[in-house]
Amino acid sequence: MPRQLRMVRPDLKDLPDIDLPKGYNLRSYCKGDALHWANIITDSFGGKARTAQDTRREIIDRDVFDPNGLFFVTYNDIPVGTACSWRQSVHETQVGYVHMVGVLGEHTGKKLGRWVSLAVLHFFQDNGFICAMLDTDDFRFPAIKTYLNLGFLPVYVDNTQSERWENICIKMNIPSMSKRIEHLKESFPPELWEKVSQ
């Protein structure tokens with residue numbers, strides 16, 4: 001099975017401000033949010049319905065979890081979107097990982113995925129990280145568009161990804177990014193490139 005697509009924001013400079021639509025607010029994790037996270041992720045990704053216990057196993061009980069870095073967009077004080085700041089290990093201090101971005105279907109079309117992802121990027125910036133990365137799927141065109149607009153670029157992590165990205169560019173009617181991707185590798189410090197391209 002092919003690996004997910006990897007995208008990298010090469011630095012955390014010049015992040016835009018968060019500008020939520022009227023009626024929506026942003027906050028970090030509070031006790032009792034486990035079921036909210038499970039509901040949002042189930043609605044966004046499909047599959048078997050997640051439970052609060054799944055949230056604890058997948059997120060809260062993991063050693064890299066920081067409650068201040070798990071963000072929720074709320075509507076009428078109810079979480080409707082989420083994204084999590086993550087790290088590949090407890091010792092990682094340079095490369096942040098944007099993890100599990102999801103929005104309830106009834107609230108899509110308001111760029112909530114953008115704002116909650118941006119909250120994670122600001123969190124990384126505030127905590128001294130150098131860059132950020134994430135993984136996504138070929139068919140998630142709205143998400144890919146959001147990430148490109150936030151300054152992320154593709155990174156090839158296996159030999160299928162060049163062709164896959166070319167197909168995505170065609171389907172999304174955007175210019176090929178192959179030259180920008182090559183330049184990105186050349187401009188990255190080798191120790192960071194090793195982390196984002198594994």
# chains A, B, ... in the order shown; residues from 1 in each chain; ligands from 1
>>> select_by_dssp(residues="region 20-148 of chain A", states="alpha helix (DSSP H)", output="number ranges by chain")
A: 34-45, 52-55, 112-126, 141-148
>>> closest_atom_pairs(of="region 134-196 of chain A", to="region 97-118 of chain A", cutoff="10 Å", atoms="only C-alpha atoms", output="CSV")
residue,atom,partner,partner_atom,distance
A:Leu134,CA,A:Val98,CA,5.1
A:Asp135,CA,A:His99,CA,8.0
A:Thr136,CA,A:Met100,CA,9.6
A:Pro142,CA,A:Gly113,CA,9.4
A:Ala143,CA,A:Gly113,CA,7.6
A:Lys145,CA,A:Arg114,CA,9.6
A:Thr146,CA,A:Arg114,CA,5.9
A:Tyr147,CA,A:Arg114,CA,7.6
A:Asn149,CA,A:Arg114,CA,8.7
A:Leu150,CA,A:Arg114,CA,7.6
A:Val196,CA,A:Tyr97,CA,9.5
>>> residues_around(residues="Asp33 (chain A)", least_positions_apart="4", cutoff="12 Å", atoms="only C-alpha atoms", output="list in words")
Arg27, Ser28, Tyr29, Trp37, Ala38, Asn39, Ile40, Thr51, Ala52, Gln53, Thr55, Arg56, Ile59, Ile60, Pro67, Leu70, Phe71, Phe72, Val73, Thr74, Asp77, Ile78, Pro79, Val80, Gly81 and Thr82 of chain A
>>> write_last_selection(atoms="N, CA and C atoms", output="PDB file, in the first residue's frame")
ATOM      1  N   ARG A  27     -10.199  27.282  20.982  1.00  0.00           N
ATOM      2  CA  ARG A  27      -9.628  27.003  22.308  1.00  0.00           C
ATOM      3  C   ARG A  27      -8.822  25.716  22.240  1.00  0.00           C
ATOM      4  N   SER A  28      -8.030  25.488  23.281  1.00  0.00           N
ATOM      5  CA  SER A  28      -7.281  24.236  23.366  1.00  0.00           C
ATOM      6  C   SER A  28      -8.066  23.219  24.199  1.00  0.00           C
ATOM      7  N   TYR A  29      -7.480  22.069  24.355  1.00  0.00           N
ATOM      8  CA  TYR A  29      -8.129  20.929  25.004  1.00  0.00           C
ATOM      9  C   TYR A  29      -8.575  21.240  26.427  1.00  0.00           C
ATOM     10  N   TRP A  37     -13.592  15.022  20.292  1.00  0.00           N
ATOM     11  CA  TRP A  37     -12.551  14.706  19.317  1.00  0.00           C
ATOM     12  C   TRP A  37     -12.938  13.454  18.531  1.00  0.00           C
ATOM     13  N   ALA A  38     -13.411  12.449  19.248  1.00  0.00           N
ATOM     14  CA  ALA A  38     -13.799  11.194  18.591  1.00  0.00           C
ATOM     15  C   ALA A  38     -14.900  11.426  17.562  1.00  0.00           C
ATOM     16  N   ASN A  39     -15.890  12.227  17.907  1.00  0.00           N
ATOM     17  CA  ASN A  39     -17.003  12.495  16.984  1.00  0.00           C
ATOM     18  C   ASN A  39     -16.543  13.257  15.744  1.00  0.00           C
ATOM     19  N   ILE A  40     -15.686  14.265  15.948  1.00  0.00           N
ATOM     20  CA  ILE A  40     -15.205  15.061  14.813  1.00  0.00           C
ATOM     21  C   ILE A  40     -14.372  14.200  13.867  1.00  0.00           C
ATOM     22  N   THR A  51     -14.450   6.327  19.853  1.00  0.00           N
ATOM     23  CA  THR A  51     -15.004   6.564  21.179  1.00  0.00           C
ATOM     24  C   THR A  51     -14.036   7.428  21.985  1.00  0.00           C
ATOM     25  N   ALA A  52     -14.491   7.879  23.151  1.00  0.00           N
ATOM     26  CA  ALA A  52     -13.604   8.622  24.051  1.00  0.00           C
ATOM     27  C   ALA A  52     -12.391   7.774  24.430  1.00  0.00           C
ATOM     28  N   GLN A  53     -12.597   6.471  24.553  1.00  0.00           N
ATOM     29  CA  GLN A  53     -11.476   5.578  24.866  1.00  0.00           C
ATOM     30  C   GLN A  53     -10.452   5.579  23.729  1.00  0.00           C
ATOM     31  N   THR A  55      -9.856   8.108  21.776  1.00  0.00           N
ATOM     32  CA  THR A  55      -9.155   9.387  21.889  1.00  0.00           C
ATOM     33  C   THR A  55      -8.026   9.284  22.912  1.00  0.00           C
ATOM     34  N   ARG A  56      -8.325   8.667  24.037  1.00  0.00           N
ATOM     35  CA  ARG A  56      -7.287   8.520  25.061  1.00  0.00           C
ATOM     36  C   ARG A  56      -6.141   7.660  24.550  1.00  0.00           C
ATOM     37  N   ILE A  59      -4.437   9.688  21.375  1.00  0.00           N
ATOM     38  CA  ILE A  59      -3.951  11.050  21.575  1.00  0.00           C
ATOM     39  C   ILE A  59      -3.543  11.323  23.028  1.00  0.00           C
ATOM     40  N   ILE A  60      -4.493  11.318  23.923  1.00  0.00           N
ATOM     41  CA  ILE A  60      -4.289  11.861  25.270  1.00  0.00           C
ATOM     42  C   ILE A  60      -3.257  11.082  26.083  1.00  0.00           C
ATOM     43  N   PRO A  67      -1.719  19.064  26.054  1.00  0.00           N
ATOM     44  CA  PRO A  67      -3.101  19.566  25.993  1.00  0.00           C
ATOM     45  C   PRO A  67      -3.211  20.972  25.441  1.00  0.00           C
ATOM     46  N   LEU A  70      -3.600  20.760  21.481  1.00  0.00           N
ATOM     47  CA  LEU A  70      -4.754  20.137  20.831  1.00  0.00           C
ATOM     48  C   LEU A  70      -5.852  21.190  20.761  1.00  0.00           C
ATOM     49  N   PHE A  71      -6.153  21.641  19.542  1.00  0.00           N
ATOM     50  CA  PHE A  71      -7.050  22.783  19.351  1.00  0.00           C
ATOM     51  C   PHE A  71      -8.424  22.356  18.856  1.00  0.00           C
ATOM     52  N   PHE A  72      -9.411  23.130  19.279  1.00  0.00           N
ATOM     53  CA  PHE A  72     -10.786  22.940  18.830  1.00  0.00           C
ATOM     54  C   PHE A  72     -11.363  24.275  18.387  1.00  0.00           C
ATOM     55  N   VAL A  73     -12.032  24.262  17.229  1.00  0.00           N
ATOM     56  CA  VAL A  73     -12.930  25.359  16.862  1.00  0.00           C
ATOM     57  C   VAL A  73     -14.296  25.001  17.429  1.00  0.00           C
ATOM     58  N   THR A  74     -14.920  25.951  18.112  1.00  0.00           N
ATOM     59  CA  THR A  74     -16.225  25.682  18.717  1.00  0.00           C
ATOM     60  C   THR A  74     -17.310  26.552  18.098  1.00  0.00           C
ATOM     61  N   ASP A  77     -20.165  26.950  21.813  1.00  0.00           N
ATOM     62  CA  ASP A  77     -19.355  26.282  22.845  1.00  0.00           C
ATOM     63  C   ASP A  77     -19.180  24.777  22.619  1.00  0.00           C
ATOM     64  N   ILE A  78     -19.594  24.247  21.484  1.00  0.00           N
ATOM     65  CA  ILE A  78     -19.431  22.828  21.164  1.00  0.00           C
ATOM     66  C   ILE A  78     -18.324  22.671  20.117  1.00  0.00           C
ATOM     67  N   PRO A  79     -17.325  21.831  20.366  1.00  0.00           N
ATOM     68  CA  PRO A  79     -16.268  21.628  19.375  1.00  0.00           C
ATOM     69  C   PRO A  79     -16.801  21.061  18.060  1.00  0.00           C
ATOM     70  N   VAL A  80     -16.418  21.709  16.949  1.00  0.00           N
ATOM     71  CA  VAL A  80     -16.857  21.271  15.623  1.00  0.00           C
ATOM     72  C   VAL A  80     -15.684  21.042  14.672  1.00  0.00           C
ATOM     73  N   GLY A  81     -14.485  21.407  15.092  1.00  0.00           N
ATOM     74  CA  GLY A  81     -13.284  21.190  14.287  1.00  0.00           C
ATOM     75  C   GLY A  81     -12.097  21.002  15.205  1.00  0.00           C
ATOM     76  N   THR A  82     -11.072  20.300  14.733  1.00  0.00           N
ATOM     77  CA  THR A  82      -9.918  20.028  15.581  1.00  0.00           C
ATOM     78  C   THR A  82      -8.656  19.853  14.749  1.00  0.00           C
TER      79      THR A  82
END
>>> residues_around(residues="Leu12 (chain A)", least_positions_apart="5", cutoff="12 Å", atoms="only C-alpha atoms", output="PyMOL selection string")
chain A and resi 94-96+118-133+150-152
>>> write_last_selection(atoms="N, CA and C atoms", output="JSON list (two decimals), in the first residue's frame")
[["chain", "number", "residue", "atom", "x", "y", "z"],
["A", 94, "GLN", "N", 12.40, 20.52, 16.80],
["A", 94, "GLN", "CA", 12.61, 21.31, 15.58],
["A", 94, "GLN", "C", 11.46, 21.18, 14.58],
["A", 95, "VAL", "N", 10.97, 19.96, 14.38],
["A", 95, "VAL", "CA", 9.96, 19.68, 13.36],
["A", 95, "VAL", "C", 8.64, 19.31, 14.04],
["A", 96, "GLY", "N", 7.65, 20.18, 13.90],
["A", 96, "GLY", "CA", 6.32, 19.88, 14.42],
["A", 96, "GLY", "C", 5.50, 19.12, 13.38],
["A", 118, "LEU", "N", -3.81, 26.44, 11.33],
["A", 118, "LEU", "CA", -2.98, 27.62, 11.60],
["A", 118, "LEU", "C", -2.73, 27.78, 13.09],
["A", 119, "ALA", "N", -3.70, 27.44, 13.92],
["A", 119, "ALA", "CA", -3.50, 27.48, 15.38],
["A", 119, "ALA", "C", -2.35, 26.56, 15.78],
["A", 120, "VAL", "N", -2.28, 25.38, 15.15],
["A", 120, "VAL", "CA", -1.18, 24.46, 15.43],
["A", 120, "VAL", "C", 0.15, 25.06, 15.00],
["A", 121, "LEU", "N", 0.19, 25.69, 13.82],
["A", 121, "LEU", "CA", 1.43, 26.31, 13.35],
["A", 121, "LEU", "C", 1.88, 27.43, 14.29],
["A", 122, "HIS", "N", 0.95, 28.24, 14.76],
["A", 122, "HIS", "CA", 1.31, 29.28, 15.74],
["A", 122, "HIS", "C", 1.85, 28.65, 17.02],
["A", 123, "PHE", "N", 1.26, 27.55, 17.43],
["A", 123, "PHE", "CA", 1.74, 26.85, 18.63],
["A", 123, "PHE", "C", 3.19, 26.42, 18.44],
["A", 124, "PHE", "N", 3.49, 25.84, 17.28],
["A", 124, "PHE", "CA", 4.87, 25.43, 17.00],
["A", 124, "PHE", "C", 5.80, 26.64, 17.00],
["A", 125, "GLN", "N", 5.38, 27.70, 16.36],
["A", 125, "GLN", "CA", 6.19, 28.92, 16.32],
["A", 125, "GLN", "C", 6.47, 29.43, 17.73],
["A", 126, "ASP", "N", 5.44, 29.49, 18.55],
["A", 126, "ASP", "CA", 5.58, 30.00, 19.92],
["A", 126, "ASP", "C", 6.48, 29.12, 20.78],
["A", 127, "ASN", "N", 6.61, 27.86, 20.38],
["A", 127, "ASN", "CA", 7.42, 26.93, 21.16],
["A", 127, "ASN", "C", 8.78, 26.63, 20.53],
["A", 128, "GLY", "N", 9.20, 27.47, 19.58],
["A", 128, "GLY", "CA", 10.55, 27.42, 19.07],
["A", 128, "GLY", "C", 10.85, 26.39, 18.01],
["A", 129, "PHE", "N", 9.82, 25.79, 17.41],
["A", 129, "PHE", "CA", 10.05, 24.85, 16.33],
["A", 129, "PHE", "C", 10.50, 25.59, 15.07],
["A", 130, "ILE", "N", 11.19, 24.89, 14.19],
["A", 130, "ILE", "CA", 11.74, 25.49, 12.98],
["A", 130, "ILE", "C", 10.79, 25.36, 11.79],
["A", 131, "CYS", "N", 10.15, 24.19, 11.66],
["A", 131, "CYS", "CA", 9.29, 23.94, 10.51],
["A", 131, "CYS", "C", 8.19, 22.97, 10.93],
["A", 132, "ALA", "N", 7.30, 22.67, 10.00],
["A", 132, "ALA", "CA", 6.19, 21.76, 10.29],
["A", 132, "ALA", "C", 5.95, 20.85, 9.10],
["A", 133, "MET", "N", 5.40, 19.67, 9.39],
["A", 133, "MET", "CA", 5.06, 18.73, 8.33],
["A", 133, "MET", "C", 3.72, 18.08, 8.65],
["A", 150, "LEU", "N", -1.51, 27.49, 3.04],
["A", 150, "LEU", "CA", -0.80, 27.79, 4.29],
["A", 150, "LEU", "C", 0.72, 27.73, 4.14],
["A", 151, "GLY", "N", 1.20, 27.50, 2.91],
["A", 151, "GLY", "CA", 2.64, 27.51, 2.69],
["A", 151, "GLY", "C", 3.32, 26.15, 2.72],
["A", 152, "PHE", "N", 2.53, 25.07, 2.76],
["A", 152, "PHE", "CA", 3.11, 23.73, 2.71],
["A", 152, "PHE", "C", 3.45, 23.36, 1.26]]
>>> closest_residue(among="A:Leu192, A:Val90, A:Leu26, A:Val8", to="Tyr75 (chain A)", atoms="only C-alpha atoms")
A:Leu26
>>> atom_distance(atom1="CA of Tyr156 (chain A)", atom2="CA of Thr93 (chain A)")
22.7 Å
>>> residues_around(residues="region 171-182 of chain A", least_positions_apart="6", cutoff="7 Å", atoms="only C-alpha atoms", output="PyMOL selection string")
chain A and resi 153-155
>>> write_last_selection(atoms="all heavy atoms", output="CSV table (one decimal), in the first residue's frame")
chain,number,residue,atom,x,y,z
A,153,LEU,N,4.5,22.6,1.1
A,153,LEU,CA,4.9,22.0,-0.2
A,153,LEU,C,5.1,20.5,-0.1
A,153,LEU,O,5.4,20.0,1.0
A,153,LEU,CB,6.2,22.7,-0.7
A,153,LEU,CG,6.1,24.1,-1.2
A,153,LEU,CD1,7.5,24.7,-1.4
A,153,LEU,CD2,5.3,24.2,-2.5
A,154,PRO,N,4.9,19.8,-1.2
A,154,PRO,CA,5.1,18.4,-1.2
A,154,PRO,C,6.5,18.0,-1.0
A,154,PRO,O,7.5,18.7,-1.4
A,154,PRO,CB,4.6,17.9,-2.5
A,154,PRO,CG,3.7,19.0,-3.0
A,154,PRO,CD,4.3,20.3,-2.5
A,155,VAL,N,6.7,16.8,-0.3
A,155,VAL,CA,8.1,16.2,-0.2
A,155,VAL,C,7.8,14.7,-0.7
A,155,VAL,O,6.9,14.1,-0.2
A,155,VAL,CB,8.6,16.2,1.2
A,155,VAL,CG1,9.8,15.3,1.4
A,155,VAL,CG2,8.9,17.7,1.6
>>> atom_distance(atom1="CA of Gln88 (chain A)", atom2="CA of Val64 (chain A)")
7.9 Å
>>> closest_residue(among="A:Lys22, A:Gly69, A:Leu148, A:Ala34", to="Arg57 (chain A)", atoms="only C-alpha atoms")
A:Ala34
>>> atom_distance(atom1="CA of Phe65 (chain A)", atom2="CA of Ile41 (chain A)")
16.8 Å
>>> select_by_dssp(residues="region 20-177 of chain A", states="strand (DSSP E)", output="PyMOL selection string")
chain A and resi 24-28+70-75+78-86+95-103+131-136+153-155
>>> write_last_selection(atoms="N, CA and C atoms", output="JSON list (two decimals), in the first residue's frame")
[["chain", "number", "residue", "atom", "x", "y", "z"],
["A", 24, "TYR", "N", -17.85, 31.55, 15.66],
["A", 24, "TYR", "CA", -16.91, 30.47, 15.98],
["A", 24, "TYR", "C", -15.80, 31.00, 16.89],
["A", 25, "ASN", "N", -15.31, 30.12, 17.74],
["A", 25, "ASN", "CA", -14.22, 30.45, 18.65],
["A", 25, "ASN", "C", -13.18, 29.34, 18.63],
["A", 26, "LEU", "N", -12.02, 29.66, 19.17],
["A", 26, "LEU", "CA", -10.91, 28.71, 19.19],
["A", 26, "LEU", "C", -10.45, 28.52, 20.63],
["A", 27, "ARG", "N", -10.20, 27.28, 20.98],
["A", 27, "ARG", "CA", -9.63, 27.00, 22.31],
["A", 27, "ARG", "C", -8.82, 25.72, 22.24],
["A", 28, "SER", "N", -8.03, 25.49, 23.28],
["A", 28, "SER", "CA", -7.28, 24.24, 23.37],
["A", 28, "SER", "C", -8.07, 23.22, 24.20],
["A", 70, "LEU", "N", -3.60, 20.76, 21.48],
["A", 70, "LEU", "CA", -4.75, 20.14, 20.83],
["A", 70, "LEU", "C", -5.85, 21.19, 20.76],
["A", 71, "PHE", "N", -6.15, 21.64, 19.54],
["A", 71, "PHE", "CA", -7.05, 22.78, 19.35],
["A", 71, "PHE", "C", -8.42, 22.36, 18.86],
["A", 72, "PHE", "N", -9.41, 23.13, 19.28],
["A", 72, "PHE", "CA", -10.79, 22.94, 18.83],
["A", 72, "PHE", "C", -11.36, 24.28, 18.39],
["A", 73, "VAL", "N", -12.03, 24.26, 17.23],
["A", 73, "VAL", "CA", -12.93, 25.36, 16.86],
["A", 73, "VAL", "C", -14.30, 25.00, 17.43],
["A", 74, "THR", "N", -14.92, 25.95, 18.11],
["A", 74, "THR", "CA", -16.23, 25.68, 18.72],
["A", 74, "THR", "C", -17.31, 26.55, 18.10],
["A", 75, "TYR", "N", -18.53, 26.05, 18.16],
["A", 75, "TYR", "CA", -19.71, 26.79, 17.72],
["A", 75, "TYR", "C", -20.75, 26.58, 18.82],
["A", 78, "ILE", "N", -19.59, 24.25, 21.48],
["A", 78, "ILE", "CA", -19.43, 22.83, 21.16],
["A", 78, "ILE", "C", -18.32, 22.67, 20.12],
["A", 79, "PRO", "N", -17.33, 21.83, 20.37],
["A", 79, "PRO", "CA", -16.27, 21.63, 19.38],
["A", 79, "PRO", "C", -16.80, 21.06, 18.06],
["A", 80, "VAL", "N", -16.42, 21.71, 16.95],
["A", 80, "VAL", "CA", -16.86, 21.27, 15.62],
["A", 80, "VAL", "C", -15.68, 21.04, 14.67],
["A", 81, "GLY", "N", -14.48, 21.41, 15.09],
["A", 81, "GLY", "CA", -13.28, 21.19, 14.29],
["A", 81, "GLY", "C", -12.10, 21.00, 15.21],
["A", 82, "THR", "N", -11.07, 20.30, 14.73],
["A", 82, "THR", "CA", -9.92, 20.03, 15.58],
["A", 82, "THR", "C", -8.66, 19.85, 14.75],
["A", 83, "ALA", "N", -7.52, 20.12, 15.36],
["A", 83, "ALA", "CA", -6.20, 19.78, 14.83],
["A", 83, "ALA", "C", -5.26, 19.69, 16.03],
["A", 84, "CYS", "N", -4.26, 18.84, 15.89],
["A", 84, "CYS", "CA", -3.38, 18.56, 17.02],
["A", 84, "CYS", "C", -1.93, 18.82, 16.66],
["A", 85, "SER", "N", -1.22, 19.50, 17.55],
["A", 85, "SER", "CA", 0.23, 19.62, 17.40],
["A", 85, "SER", "C", 0.85, 18.33, 17.91],
["A", 86, "TRP", "N", 1.74, 17.77, 17.14],
["A", 86, "TRP", "CA", 2.29, 16.45, 17.44],
["A", 86, "TRP", "C", 3.78, 16.48, 17.20],
["A", 95, "VAL", "N", 10.97, 19.96, 14.38],
["A", 95, "VAL", "CA", 9.96, 19.68, 13.36],
["A", 95, "VAL", "C", 8.64, 19.31, 14.04],
["A", 96, "GLY", "N", 7.65, 20.18, 13.90],
["A", 96, "GLY", "CA", 6.32, 19.88, 14.42],
["A", 96, "GLY", "C", 5.50, 19.12, 13.38],
["A", 97, "TYR", "N", 4.54, 18.37, 13.86],
["A", 97, "TYR", "CA", 3.70, 17.55, 12.97],
["A", 97, "TYR", "C", 2.24, 17.95, 13.17],
["A", 98, "VAL", "N", 1.60, 18.43, 12.10],
["A", 98, "VAL", "CA", 0.19, 18.79, 12.15],
["A", 98, "VAL", "C", -0.61, 17.50, 12.01],
["A", 99, "HIS", "N", -1.39, 17.18, 13.05],
["A", 99, "HIS", "CA", -1.95, 15.83, 13.18],
["A", 99, "HIS", "C", -3.47, 15.88, 13.29],
["A", 100, "MET", "N", -4.14, 14.99, 12.57],
["A", 100, "MET", "CA", -5.58, 14.74, 12.72],
["A", 100, "MET", "C", -6.41, 16.02, 12.63],
["A", 101, "VAL", "N", -6.42, 16.61, 11.45],
["A", 101, "VAL", "CA", -7.24, 17.80, 11.19],
["A", 101, "VAL", "C", -8.62, 17.32, 10.73],
["A", 102, "GLY", "N", -9.66, 17.78, 11.39],
["A", 102, "GLY", "CA", -11.01, 17.36, 11.01],
["A", 102, "GLY", "C", -12.04, 18.41, 11.37],
["A", 103, "VAL", "N", -13.11, 18.44, 10.59],
["A", 103, "VAL", "CA", -14.23, 19.37, 10.81],
["A", 103, "VAL", "C", -15.52, 18.60, 10.58],
["A", 131, "CYS", "N", 10.15, 24.19, 11.66],
["A", 131, "CYS", "CA", 9.29, 23.94, 10.51],
["A", 131, "CYS", "C", 8.19, 22.97, 10.93],
["A", 132, "ALA", "N", 7.30, 22.67, 10.00],
["A", 132, "ALA", "CA", 6.19, 21.76, 10.29],
["A", 132, "ALA", "C", 5.95, 20.85, 9.10],
["A", 133, "MET", "N", 5.40, 19.67, 9.39],
["A", 133, "MET", "CA", 5.06, 18.73, 8.33],
["A", 133, "MET", "C", 3.72, 18.08, 8.65],
["A", 134, "LEU", "N", 3.19, 17.39, 7.66],
["A", 134, "LEU", "CA", 1.93, 16.65, 7.83],
["A", 134, "LEU", "C", 1.85, 15.59, 6.76],
["A", 135, "ASP", "N", 0.92, 14.67, 6.93],
["A", 135, "ASP", "CA", 0.63, 13.65, 5.92],
["A", 135, "ASP", "C", -0.83, 13.76, 5.52],
["A", 136, "THR", "N", -1.11, 13.50, 4.25],
["A", 136, "THR", "CA", -2.48, 13.56, 3.76],
["A", 136, "THR", "C", -2.67, 12.52, 2.65],
["A", 153, "LEU", "N", 4.49, 22.56, 1.11],
["A", 153, "LEU", "CA", 4.89, 22.03, -0.19],
["A", 153, "LEU", "C", 5.08, 20.52, -0.09],
["A", 154, "PRO", "N", 4.87, 19.80, -1.19],
["A", 154, "PRO", "CA", 5.08, 18.35, -1.15],
["A", 154, "PRO", "C", 6.54, 17.98, -0.96],
["A", 155, "VAL", "N", 6.74, 16.84, -0.35],
["A", 155, "VAL", "CA", 8.05, 16.19, -0.23],
["A", 155, "VAL", "C", 7.85, 14.75, -0.67]]
